[in-house]
Structures are given as C-alpha cells and as structure tokens.
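model05.pdb follows; it contains PDB, C-alpha atoms, pLDDT in the B column.
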ATOM      1  CA  MET G   1     -13.686   9.849   0.938  1.00 85.00           C
ATOM      2  CA  PRO G   2     -13.003   6.946   3.360  1.00 89.00           C
ATOM      3  CA  GLN G   3     -12.924   7.618   7.062  1.00 89.00           C
ATOM      4  CA  CYS G   4     -11.330   5.839   9.978  1.00 89.00           C
ATOM      5  CA  ASP G   5     -11.830   5.893  13.723  1.00 88.00           C
ATOM      6  CA  THR G   6      -8.738   6.831  15.660  1.00 89.00           C
ATOM      7  CA  GLU G   7      -7.899   6.968  19.316  1.00 87.00           C
ATOM      8  CA  TYR G   8      -6.120  10.309  19.211  1.00 87.00           C
ATOM      9  CA  PHE G   9      -7.653  12.191  16.298  1.00 88.00           C
ATOM     10  CA  GLY G  10     -11.322  11.223  16.364  1.00 89.00           C
ATOM     11  CA  VAL G  11     -12.779  10.342  12.971  1.00 91.00           C
ATOM     12  CA  VAL G  12     -10.257  11.086  10.250  1.00 91.00           C
ATOM     13  CA  SER G  13     -11.086  11.412   6.563  1.00 91.00           C
ATOM     14  CA  TYR G  14      -8.351  10.424   4.174  1.00 92.00           C
ATOM     15  CA  GLU G  15      -7.643   9.620   0.559  1.00 92.00           C
ATOM     16  CA  ASP G  16      -6.886   5.995  -0.287  1.00 91.00           C
ATOM     17  CA  SER G  17      -3.706   7.216  -1.952  1.00 92.00           C
ATOM     18  CA  GLU G  18      -2.434   8.459   1.426  1.00 92.00           C
ATOM     19  CA  ALA G  19      -2.457   5.011   3.060  1.00 95.00           C
ATOM     20  CA  ILE G  20       0.720   2.948   3.204  1.00 96.00           C
ATOM     21  CA  GLU G  21       0.783  -0.813   2.903  1.00 97.00           C
ATOM     22  CA  PHE G  22       2.948  -3.233   4.908  1.00 97.00           C
ATOM     23  CA  SER G  23       2.450  -6.484   3.013  1.00 96.00           C
ATOM     24  CA  ALA G  24       3.999  -8.476   5.874  1.00 94.00           C
ATOM     25  CA  GLY G  25       2.622  -6.355   8.704  1.00 96.00           C
ATOM     26  CA  LEU G  26       5.013  -5.240  11.438  1.00 97.00           C
ATOM     27  CA  PRO G  27       6.845  -7.530  13.880  1.00 96.00           C
ATOM     28  CA  GLY G  28       4.335  -8.290  16.611  1.00 96.00           C
ATOM     29  CA  PHE G  29       1.515  -6.912  14.416  1.00 97.00           C
ATOM     30  CA  GLU G  30       1.717  -9.248  11.448  1.00 95.00           C
ATOM     31  CA  ASN G  31      -2.000  -8.856  10.702  1.00 96.00           C
ATOM     32  CA  CYS G  32      -1.914  -5.068  10.468  1.00 96.00           C
ATOM     33  CA  HIS G  33      -1.180  -4.070   6.910  1.00 97.00           C
ATOM     34  CA  ARG G  34      -2.653  -0.648   6.191  1.00 97.00           C
ATOM     35  CA  PHE G  35      -1.638   2.505   8.012  1.00 96.00           C
ATOM     36  CA  LEU G  36      -2.347   6.178   7.545  1.00 95.00           C
ATOM     37  CA  PRO G  37       0.538   8.578   8.196  1.00 94.00           C
ATOM     38  CA  ILE G  38      -0.824  11.576  10.096  1.00 92.00           C
ATOM     39  CA  ASP G  39       1.561  14.463   9.741  1.00 88.00           C
ATOM     40  CA  GLU G  40       0.045  17.431  11.557  1.00 84.00           C
ATOM     41  CA  ALA G  41       1.957  20.676  11.228  1.00 82.00           C
ATOM     42  CA  ALA G  42       1.563  21.396  14.936  1.00 79.00           C
ATOM     43  CA  ARG G  43       3.192  18.120  15.939  1.00 81.00           C
ATOM     44  CA  ARG G  44       6.051  18.014  13.471  1.00 82.00           C
ATOM     45  CA  PRO G  45       8.443  16.358  13.173  1.00 85.00           C
ATOM     46  CA  PHE G  46       6.422  13.620  14.840  1.00 89.00           C
ATOM     47  CA  ILE G  47       4.439  11.530  12.383  1.00 92.00           C
ATOM     48  CA  PHE G  48       1.670   9.269  13.651  1.00 93.00           C
ATOM     49  CA  LEU G  49       1.062   5.943  11.941  1.00 96.00           C
ATOM     50  CA  GLN G  50      -2.586   5.116  12.462  1.00 95.00           C
ATOM     51  CA  SER G  51      -3.761   1.577  11.728  1.00 96.00           C
ATOM     52  CA  LEU G  52      -6.672   1.555   9.293  1.00 95.00           C
ATOM     53  CA  GLU G  53      -7.665  -1.872  10.598  1.00 94.00           C
ATOM     54  CA  GLN G  54      -7.478  -1.334  14.373  1.00 93.00           C
ATOM     55  CA  PRO G  55      -8.663   2.069  15.581  1.00 91.00           C
ATOM     56  CA  GLY G  56      -6.821   1.635  18.879  1.00 92.00           C
ATOM     57  CA  LEU G  57      -3.442   1.049  17.222  1.00 95.00           C
ATOM     58  CA  CYS G  58      -1.347   4.096  16.496  1.00 95.00           C
ATOM     59  CA  PHE G  59       2.437   4.351  16.445  1.00 96.00           C
ATOM     60  CA  LEU G  60       4.347   7.525  17.122  1.00 94.00           C
ATOM     61  CA  THR G  61       7.340   7.956  14.832  1.00 94.00           C
ATOM     62  CA  LEU G  62      10.139  10.383  14.062  1.00 92.00           C
ATOM     63  CA  PRO G  63      12.196  10.671  10.880  1.00 92.00           C
ATOM     64  CA  VAL G  64      15.419   8.820  11.619  1.00 92.00           C
ATOM     65  CA  LEU G  65      17.487  11.743  10.363  1.00 90.00           C
ATOM     66  CA  ALA G  66      15.855  13.972  12.966  1.00 87.00           C
ATOM     67  CA  ILE G  67      17.177  11.593  15.621  1.00 87.00           C
ATOM     68  CA  GLU G  68      20.505  10.623  14.088  1.00 88.00           C
ATOM     69  CA  PRO G  69      21.564  12.922  11.224  1.00 87.00           C
ATOM     70  CA  GLY G  70      24.236  10.482  10.061  1.00 90.00           C
ATOM     71  CA  TYR G  71      21.976   7.429  10.065  1.00 93.00           C
ATOM     72  CA  GLN G  72      23.122   4.831   7.544  1.00 94.00           C
ATOM     73  CA  LEU G  73      20.230   2.836   6.138  1.00 95.00           C
ATOM     74  CA  LYS G  74      20.962  -0.819   5.465  1.00 93.00           C
ATOM     75  CA  ILE G  75      18.087  -3.039   4.510  1.00 93.00           C
ATOM     76  CA  SER G  76      18.077  -6.594   3.249  1.00 93.00           C
ATOM     77  CA  ALA G  77      17.691  -7.448  -0.435  1.00 93.00           C
ATOM     78  CA  GLU G  78      14.309  -9.026   0.383  1.00 93.00           C
ATOM     79  CA  ASP G  79      13.064  -5.824   2.019  1.00 94.00           C
ATOM     80  CA  VAL G  80      14.405  -3.693  -0.845  1.00 96.00           C
ATOM     81  CA  ALA G  81      12.465  -5.836  -3.315  1.00 95.00           C
ATOM     82  CA  ALA G  82       9.357  -6.042  -1.124  1.00 94.00           C
ATOM     83  CA  ILE G  83       8.761  -2.324  -1.342  1.00 95.00           C
ATOM     84  CA  GLY G  84       9.691  -2.016  -4.989  1.00 95.00           C
ATOM     85  CA  PHE G  85      13.167  -0.513  -4.999  1.00 95.00           C
ATOM     86  CA  GLU G  86      15.834  -1.867  -7.285  1.00 94.00           C
ATOM     87  CA  LYS G  87      18.705  -1.071  -4.993  1.00 94.00           C
ATOM     88  CA  GLN G  88      19.376   0.145  -1.476  1.00 94.00           C
ATOM     89  CA  PRO G  89      17.427   3.432  -1.303  1.00 94.00           C
ATOM     90  CA  SER G  90      18.844   6.554   0.251  1.00 92.00           C
ATOM     91  CA  ILE G  91      16.940   8.264   3.023  1.00 92.00           C
ATOM     92  CA  GLY G  92      15.145  11.460   2.211  1.00 84.00           C
ATOM     93  CA  SER G  93      15.674  11.653  -1.516  1.00 85.00           C
ATOM     94  CA  GLU G  94      14.303   8.193  -2.283  1.00 92.00           C
ATOM     95  CA  ALA G  95      12.728   6.702   0.811  1.00 94.00           C
ATOM     96  CA  LEU G  96      10.948   7.995   3.861  1.00 94.00           C
ATOM     97  CA  CYS G  97      12.552   6.447   6.905  1.00 96.00           C
ATOM     98  CA  LEU G  98      10.845   6.593  10.303  1.00 96.00           C
ATOM     99  CA  ALA G  99      11.705   5.250  13.743  1.00 96.00           C
ATOM    100  CA  ILE G 100       8.949   4.089  16.088  1.00 96.00           C
ATOM    101  CA  VAL G 101       8.996   5.935  19.389  1.00 94.00           C
ATOM    102  CA  THR G 102       8.110   4.200  22.651  1.00 92.00           C
ATOM    103  CA  MET G 103       6.857   6.358  25.498  1.00 86.00           C
ATOM    104  CA  ALA G 104       6.996   4.196  28.549  1.00 74.00           C
ATOM    105  CA  GLU G 105       4.737   5.181  31.430  1.00 69.00           C
ATOM    106  CA  ALA G 106       7.374   6.945  33.473  1.00 70.00           C
ATOM    107  CA  GLY G 107      10.500   6.330  31.477  1.00 73.00           C
ATOM    108  CA  VAL G 108      12.431   8.222  28.882  1.00 79.00           C
ATOM    109  CA  PRO G 109      11.058   8.160  25.318  1.00 86.00           C
ATOM    110  CA  THR G 110      13.110   5.866  23.113  1.00 90.00           C
ATOM    111  CA  ALA G 111      13.257   5.248  19.380  1.00 93.00           C
ATOM    112  CA  ASN G 112      13.869   1.985  17.547  1.00 96.00           C
ATOM    113  CA  LEU G 113      16.779   2.648  15.196  1.00 96.00           C
ATOM    114  CA  LEU G 114      17.400  -1.091  14.830  1.00 96.00           C
ATOM    115  CA  ALA G 115      14.236  -1.473  12.782  1.00 97.00           C
ATOM    116  CA  PRO G 116      13.305   1.656  10.834  1.00 97.00           C
ATOM    117  CA  ILE G 117      10.099   1.854   8.847  1.00 97.00           C
ATOM    118  CA  VAL G 118      11.027   2.426   5.218  1.00 97.00           C
ATOM    119  CA  VAL G 119       8.359   3.775   2.869  1.00 96.00           C
ATOM    120  CA  HIS G 120       8.516   3.966  -0.911  1.00 95.00           C
ATOM    121  CA  PRO G 121       6.758   7.281  -1.505  1.00 93.00           C
ATOM    122  CA  GLY G 122       5.811   6.374  -5.063  1.00 93.00           C
ATOM    123  CA  ASN G 123       3.960   3.113  -4.572  1.00 95.00           C
ATOM    124  CA  ARG G 124       3.213   3.614  -0.845  1.00 95.00           C
ATOM    125  CA  ARG G 125       4.651   0.217   0.046  1.00 97.00           C
ATOM    126  CA  ALA G 126       6.383  -0.008   3.409  1.00 97.00           C
ATOM    127  CA  VAL G 127       8.389  -2.409   5.519  1.00 97.00           C
ATOM    128  CA  GLN G 128       9.792  -2.356   9.024  1.00 97.00           C
ATOM    129  CA  ALA G 129      13.319  -3.297   8.066  1.00 96.00           C
ATOM    130  CA  VAL G 130      15.001  -5.078  10.982  1.00 96.00           C
ATOM    131  CA  ARG G 131      18.750  -4.649  10.604  1.00 94.00           C
ATOM    132  CA  ASP G 132      21.015  -7.643  10.869  1.00 88.00           C
ATOM    133  CA  ASP G 133      23.905  -5.760  12.391  1.00 87.00           C
ATOM    134  CA  ALA G 134      24.379  -4.100  15.729  1.00 84.00           C
ATOM    135  CA  ALA G 135      25.042  -0.630  14.354  1.00 91.00           C
ATOM    136  CA  TYR G 136      21.976   0.882  16.049  1.00 94.00           C
ATOM    137  CA  GLY G 137      19.902  -0.162  19.026  1.00 93.00           C
ATOM    138  CA  CYS G 138      16.183  -0.695  19.447  1.00 94.00           C
ATOM    139  CA  ARG G 139      15.955   1.632  22.454  1.00 91.00           C
ATOM    140  CA  TYR G 140      17.785   4.767  21.436  1.00 90.00           C
ATOM    141  CA  THR G 141      17.230   7.295  24.210  1.00 85.00           C
ATOM    142  CA  LEU G 142      15.671  10.487  22.913  1.00 82.00           C
ATOM    143  CA  VAL G 143      16.445  12.608  25.937  1.00 70.00           C
ATOM    144  CA  SER G 144      18.854  12.028  28.735  1.00 48.00           C
ATOM    145  CA  ILE G 145      17.462  11.020  32.085  1.00 40.00           C
ATOM    146  CA  ALA G 146      18.591  14.263  33.626  1.00 43.00           C
ATOM    147  CA  GLU G 147      16.568  16.223  31.081  1.00 46.00           C
ATOM    148  CA  VAL G 148      13.288  14.519  31.855  1.00 43.00           C
ATOM    149  CA  ALA G 149      13.363  15.277  35.567  1.00 47.00           C
ATOM    150  CA  PRO G 150       9.802  16.197  36.565  1.00 51.00           C
ATOM    151  CA  CYS G 151       8.920  19.780  35.779  1.00 48.00           C
ATOM    152  CA  SER G 152       7.517  21.740  38.656  1.00 46.00           C
TER     153      SER G 152
ATOM    154  CA  MET Z   1      25.009 -21.596  28.584  1.00 93.00           C
ATOM    155  CA  LEU Z   2      26.068 -24.714  26.762  1.00 92.00           C
ATOM    156  CA  VAL Z   3      29.054 -24.017  24.517  1.00 95.00           C
ATOM    157  CA  ILE Z   4      29.901 -26.410  21.689  1.00 94.00           C
ATOM    158  CA  SER Z   5      32.572 -25.971  19.007  1.00 95.00           C
ATOM    159  CA  ARG Z   6      31.559 -27.028  15.500  1.00 95.00           C
ATOM    160  CA  ARG Z   7      33.165 -26.857  12.054  1.00 95.00           C
ATOM    161  CA  PRO Z   8      31.385 -25.985   8.821  1.00 96.00           C
ATOM    162  CA  GLY Z   9      29.241 -28.930   7.762  1.00 96.00           C
ATOM    163  CA  GLU Z  10      28.738 -30.117  11.329  1.00 97.00           C
ATOM    164  CA  SER Z  11      25.503 -29.678  13.162  1.00 96.00           C
ATOM    165  CA  ILE Z  12      23.814 -29.923  16.527  1.00 96.00           C
ATOM    166  CA  LEU Z  13      20.400 -31.289  17.408  1.00 96.00           C
ATOM    167  CA  ILE Z  14      17.944 -29.617  19.737  1.00 95.00           C
ATOM    168  CA  GLY Z  15      15.237 -31.955  20.961  1.00 94.00           C
ATOM    169  CA  GLU Z  16      13.880 -34.574  18.587  1.00 92.00           C
ATOM    170  CA  ASN Z  17      13.456 -32.589  15.412  1.00 94.00           C
ATOM    171  CA  ILE Z  18      15.467 -29.385  15.330  1.00 96.00           C
ATOM    172  CA  GLU Z  19      18.830 -29.374  13.606  1.00 97.00           C
ATOM    173  CA  VAL Z  20      21.191 -26.423  13.426  1.00 97.00           C
ATOM    174  CA  GLN Z  21      23.977 -26.845  10.922  1.00 97.00           C
ATOM    175  CA  VAL Z  22      27.013 -24.603  10.476  1.00 97.00           C
ATOM    176  CA  LEU Z  23      27.126 -23.947   6.734  1.00 97.00           C
ATOM    177  CA  GLU Z  24      29.859 -21.372   6.414  1.00 96.00           C
ATOM    178  CA  THR Z  25      32.104 -19.322   8.629  1.00 95.00           C
ATOM    179  CA  GLY Z  26      33.591 -15.981   7.697  1.00 93.00           C
ATOM    180  CA  PRO Z  27      35.712 -13.376   9.423  1.00 93.00           C
ATOM    181  CA  SER Z  28      32.708 -11.709  11.037  1.00 88.00           C
ATOM    182  CA  ARG Z  29      29.691 -13.912  10.470  1.00 88.00           C
ATOM    183  CA  VAL Z  30      28.531 -17.475  10.563  1.00 93.00           C
ATOM    184  CA  LYS Z  31      25.923 -18.893   8.208  1.00 94.00           C
ATOM    185  CA  LEU Z  32      23.588 -21.382   9.876  1.00 96.00           C
ATOM    186  CA  GLY Z  33      21.054 -23.740   8.368  1.00 96.00           C
ATOM    187  CA  ILE Z  34      18.108 -24.541  10.608  1.00 96.00           C
ATOM    188  CA  THR Z  35      15.764 -27.437  10.075  1.00 96.00           C
ATOM    189  CA  ALA Z  36      12.727 -27.290  12.330  1.00 96.00           C
ATOM    190  CA  PRO Z  37       9.005 -28.131  12.183  1.00 95.00           C
ATOM    191  CA  ARG Z  38       6.815 -25.375  10.755  1.00 93.00           C
ATOM    192  CA  THR Z  39       5.221 -24.911  14.154  1.00 92.00           C
ATOM    193  CA  VAL Z  40       8.524 -23.797  15.696  1.00 92.00           C
ATOM    194  CA  PRO Z  41       9.127 -20.096  15.075  1.00 88.00           C
ATOM    195  CA  VAL Z  42      12.700 -19.333  14.081  1.00 91.00           C
ATOM    196  CA  LEU Z  43      13.540 -15.658  14.461  1.00 91.00           C
ATOM    197  CA  ARG Z  44      16.588 -13.483  14.497  1.00 92.00           C
ATOM    198  CA  ASN Z  45      16.892 -11.996  17.970  1.00 93.00           C
ATOM    199  CA  GLU Z  46      16.621  -8.502  16.447  1.00 94.00           C
ATOM    200  CA  VAL Z  47      13.133  -9.373  15.184  1.00 95.00           C
ATOM    201  CA  ARG Z  48      12.093 -10.511  18.658  1.00 95.00           C
ATOM    202  CA  LEU Z  49      13.444  -7.269  20.151  1.00 95.00           C
ATOM    203  CA  THR Z  50      11.469  -5.300  17.586  1.00 96.00           C
ATOM    204  CA  GLN Z  51       8.290  -7.283  18.291  1.00 96.00           C
ATOM    205  CA  ASP Z  52       8.621  -6.436  21.979  1.00 95.00           C
ATOM    206  CA  GLN Z  53       9.432  -2.819  21.222  1.00 95.00           C
ATOM    207  CA  ASN Z  54       6.460  -2.465  18.854  1.00 97.00           C
ATOM    208  CA  ARG Z  55       4.120  -3.950  21.446  1.00 96.00           C
ATOM    209  CA  ALA Z  56       5.415  -1.503  24.047  1.00 94.00           C
ATOM    210  CA  ALA Z  57       5.056   1.405  21.611  1.00 94.00           C
ATOM    211  CA  ALA Z  58       1.462   0.378  20.881  1.00 94.00           C
ATOM    212  CA  GLN Z  59       0.528   0.678  24.559  1.00 91.00           C
ATOM    213  CA  GLY Z  60      -0.200   4.336  24.117  1.00 85.00           C
ATOM    214  CA  ILE Z  61       1.109   7.753  23.262  1.00 85.00           C
ATOM    215  CA  ALA Z  62       1.122  10.365  26.008  1.00 81.00           C
ATOM    216  CA  LEU Z  63       0.188  13.344  23.857  1.00 77.00           C
ATOM    217  CA  ASP Z  64       0.768  15.678  26.776  1.00 75.00           C
ATOM    218  CA  ARG Z  65       4.389  14.532  26.927  1.00 74.00           C
ATOM    219  CA  LEU Z  66       5.048  15.139  23.266  1.00 72.00           C
ATOM    220  CA  ALA Z  67       5.479  18.869  23.519  1.00 68.00           C
ATOM    221  CA  PRO Z  68       8.008  18.719  26.377  1.00 67.00           C
ATOM    222  CA  ALA Z  69       9.962  16.008  24.560  1.00 64.00           C
ATOM    223  CA  LEU Z  70       9.866  18.122  21.428  1.00 62.00           C
ATOM    224  CA  SER Z  71      11.086  21.263  23.094  1.00 60.00           C
ATOM    225  CA  ARG Z  72      13.992  19.368  24.639  1.00 58.00           C
ATOM    226  CA  LEU Z  73      14.872  17.658  21.404  1.00 61.00           C
ATOM    227  CA  ARG Z  74      14.504  20.515  18.998  1.00 56.00           C
ATOM    228  CA  PRO Z  75      17.822  22.229  19.746  1.00 53.00           C
ATOM    229  CA  HIS Z  76      19.608  18.985  18.961  1.00 52.00           C
ATOM    230  CA  TRP Z  77      17.996  18.500  15.595  1.00 52.00           C
ATOM    231  CA  PRO Z  78      19.941  19.365  12.491  1.00 47.00           C
ATOM    232  CA  VAL Z  79      19.307  22.829  11.186  1.00 40.00           C
ATOM    233  CA  THR Z  80      18.905  21.520   7.681  1.00 42.00           C
ATOM    234  CA  THR Z  81      16.999  18.292   7.237  1.00 44.00           C
ATOM    235  CA  PRO Z  82      16.946  16.675   3.811  1.00 44.00           C
ATOM    236  CA  PRO Z  83      13.602  17.127   2.090  1.00 49.00           C
ATOM    237  CA  ALA Z  84      11.451  14.203   3.128  1.00 49.00           C
ATOM    238  CA  PRO Z  85       8.838  13.062   0.650  1.00 49.00           C
ATOM    239  CA  LYS Z  86       5.523  14.570   1.582  1.00 50.00           C
ATOM    240  CA  ILE Z  87       3.313  11.716   2.550  1.00 53.00           C
ATOM    241  CA  THR Z  88       0.047  13.264   3.574  1.00 52.00           C
ATOM    242  CA  SER Z  89      -2.110  15.746   1.761  1.00 48.00           C
ATOM    243  CA  SER Z  90      -3.273  18.902   3.444  1.00 46.00           C
ATOM    244  CA  SER Z  91      -6.861  18.204   2.483  1.00 45.00           C
ATOM    245  CA  ARG Z  92      -7.545  15.972   5.444  1.00 48.00           C
ATOM    246  CA  SER Z  93     -10.166  17.108   7.875  1.00 48.00           C
ATOM    247  CA  CYS Z  94      -9.997  16.013  11.476  1.00 46.00           C
ATOM    248  CA  ARG Z  95     -13.013  16.036  13.730  1.00 46.00           C
ATOM    249  CA  ARG Z  96     -12.750  15.597  17.428  1.00 42.00           C
TER     250      ARG Z  96
END
Mind turning the file's structure into structure tokens?
Amino acid sequence: MPQCDTEYFGVVSYEDSEAIEFSAGLPGFENCHRFLPIDEAARRPFIFLQSLEQPGLCFLTLPVLAIEPGYQLKISAEDVAAIGFEKQPSIGSEALCLAIVTMAEAGVPTANLLAPIVVHPGNRRAVQAVRDDAAYGCRYTLVSIAEVAPCS
Amino acid sequence: MLVISRRPGESILIGENIEVQVLETGPSRVKLGITAPRTVPVLRNEVRLTQDQNRAAAQGIALDRLAPALSRLRPHWPVTTPPAPKITSSSRSCRR
C-alpha cells in the first residue's frame, strides 16, 4: 500500500484507486497532478485534498452544495471531455463538486465558487473548472464578519 | 483606461507582436481572437483570480479554526444533502 507524507495527517497510507488525477494541474499549481481526498468522519463535511507530489500542499474543500444548495454547475465542453463525461454532469448524482476554502490569517474563511473542483468518481479524473460567467465569486464568504468576532 | 471602439473584423495591436481582433459580437458576449508570441501568457481574468486564490489557500489550514467555522456553518447547511459519491475508503490508517 503506497504511503505519503502530509503536513496535517502525518504519514498516510492509501490505495492507488483513491487518488484523483488533474491532468492539467490546478491554476497556480500546474505541476501538481495527483491528489488524495482525505475525508475524515470527524471533520465532515470538510474534505482535504492532499498533494501526492508535494507533502506541504493540502487544500481544504467543502462540497459546493453544502455552501450553496442551489449551485448550478456549468463547465466548459473542454473540461467535460477532459474528465470523461459526455455531457454536463449533475452535482451529486454524477460528479463530486468541491470548492476550495481559503483561511486567511485573520480574515473570514472564503470558498471559491467561481472555480469548483469537479471529480468523475468512476475514473477519478478531476479538473478545477473555472467558470466563464460571473454567476459565482471566487471569495464567497463562509461566515459573516459579525459571526467570527473573537471568542472569549 | 484606454477605450477604443471596434467592429467585428477589426483589431488592435499591443506592442510589436500582439494583435487582438474582434471576431464576433453578440447580445451578451464578444468573441476575440488573440495572436501573441508563445511566451506571452493569455489568460481569462477568472483563471488569474483562481490562481491567486489557490495560492492563498495553499498557505495553510488553521485546523483549530475548522471546528468553530463548522459549528457556525452547520445550522445553515441543508438538512438533506444529495448523496455525494464516496471517494475515500474507510481502510486508510493515519499515523501521527
């Protein structure tokens, strides 16, 4: 069973069939192709995407429907073909759709709904599908500023 | 910002070797043709925003702030979420 070093989970053993493959990498990380989704029951619905090539690289994600229940997926024909679908997939029943969460040092956590990660669960191919419309933003606020006032 | 009006078929030049041609205009979008050297990256602005956002997201995950974020978010999540494909097996062992 292969293993990988991770920043947050120590050494993780995994099955090759669990890894997902971004043939084009991710914007800004074009050379990172293989990731391991880490879906720990205790941290659901968060899903971690751990790079299998760079131990220090791990993205925090949330299912887009957990953020925006009415989210309308719209990915380009090239992206649809790149991950092996024949037509626009629907979220949940056909494709896993995740939004990358950014936790700025002191700021409010945000999620990128402009560019969801779309995974074909059958062949494990994935793409970060950057929308070409302005229907959703890349810094969707997960909690309002008032809600993240420091706890004392 | 420099503003220039162009019709389909007309183009503008940027520097010595970049040409941006208006190919088609529609009610809500414009199709552009860009001729540029291979060394000049041509990106949709959304891709640039996502590059920046991914780089910021890769800076680190404050695990200690996950639980508070979760507890604040949970009440807002839908009661019924569509079944997501299961993507990890339960056989993984984690060592710390």
I'd like to see the residues matched by the PyMOL selection byres ((chain G) within 6 of (chain Z)) on this file, and ideally I'd get them as a list in words. Gly10, Val11, Val12, Ser13, Tyr14, Glu18, Pro27, Gly28, Ala66, Gly92 and Thr102 of chain G
Tell me, as a list in words, which residues lie within 12 Å of Lys87 (chain G), counting all atoms listed in the file; anything in the same chain fewer than 4 positions away does not count.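 Once the adjacent positions are removed, what remains is Leu73, Lys74, Ile75, Ser76, Ala77, Glu78, Asp79, Val80, Ala81, Ala82, Ile83, Glu94 and Ala95 of chain G.
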Quick one: which residues end up in the PyMOL selection byres ((chain Z and resi 1-9) around 12) for this structure, as an MDAnalysis selection string? chainID Z and resid 10:14 19:26 30:33
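Relative to CA of Pro63 (chain G), CA of Asp133 (chain G) is found at 20.2 Å.
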One decimal, in Å: what's the spacing between CA of Ile91 (chain G) and CA of Phe9 (chain G)? 28.2 Å
For CA of Pro121 (chain G) and CA of Pro89 (chain G), determine how far apart the two atoms are, in Å to one decimal place.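 Atom-to-atom, CA of Pro121 (chain G) and CA of Pro89 (chain G) are spaced 11.3 Å apart.
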Point (13.8, 2.9, 15.9), cut-off 12 Å, counting all atoms listed in the file, residues as JSON, numbers by chain: {"G": [59, 60, 61, 62, 63, 64, 65, 66, 67, 68, 71, 73, 97, 98, 99, 100, 101, 102, 109, 110, 111, 112, 113, 114, 115, 116, 117, 118, 128, 129, 130, 131, 135, 136, 137, 138, 139, 140, 141, 142], "Z": [46, 49, 50, 51, 53, 54, 57]}
Residue IDs satisfying the PyMOL selection byres ((chain G and resi 5) around 10), as a ChimeraX atom specification: /G:3-4,6-13,50-56
Which one of Z:Ser28, Z:Pro37, Z:Leu43, Z:Asp64 sits closest to Glu16 (chain Z) if you count all atoms listed in the file? Z:Pro37
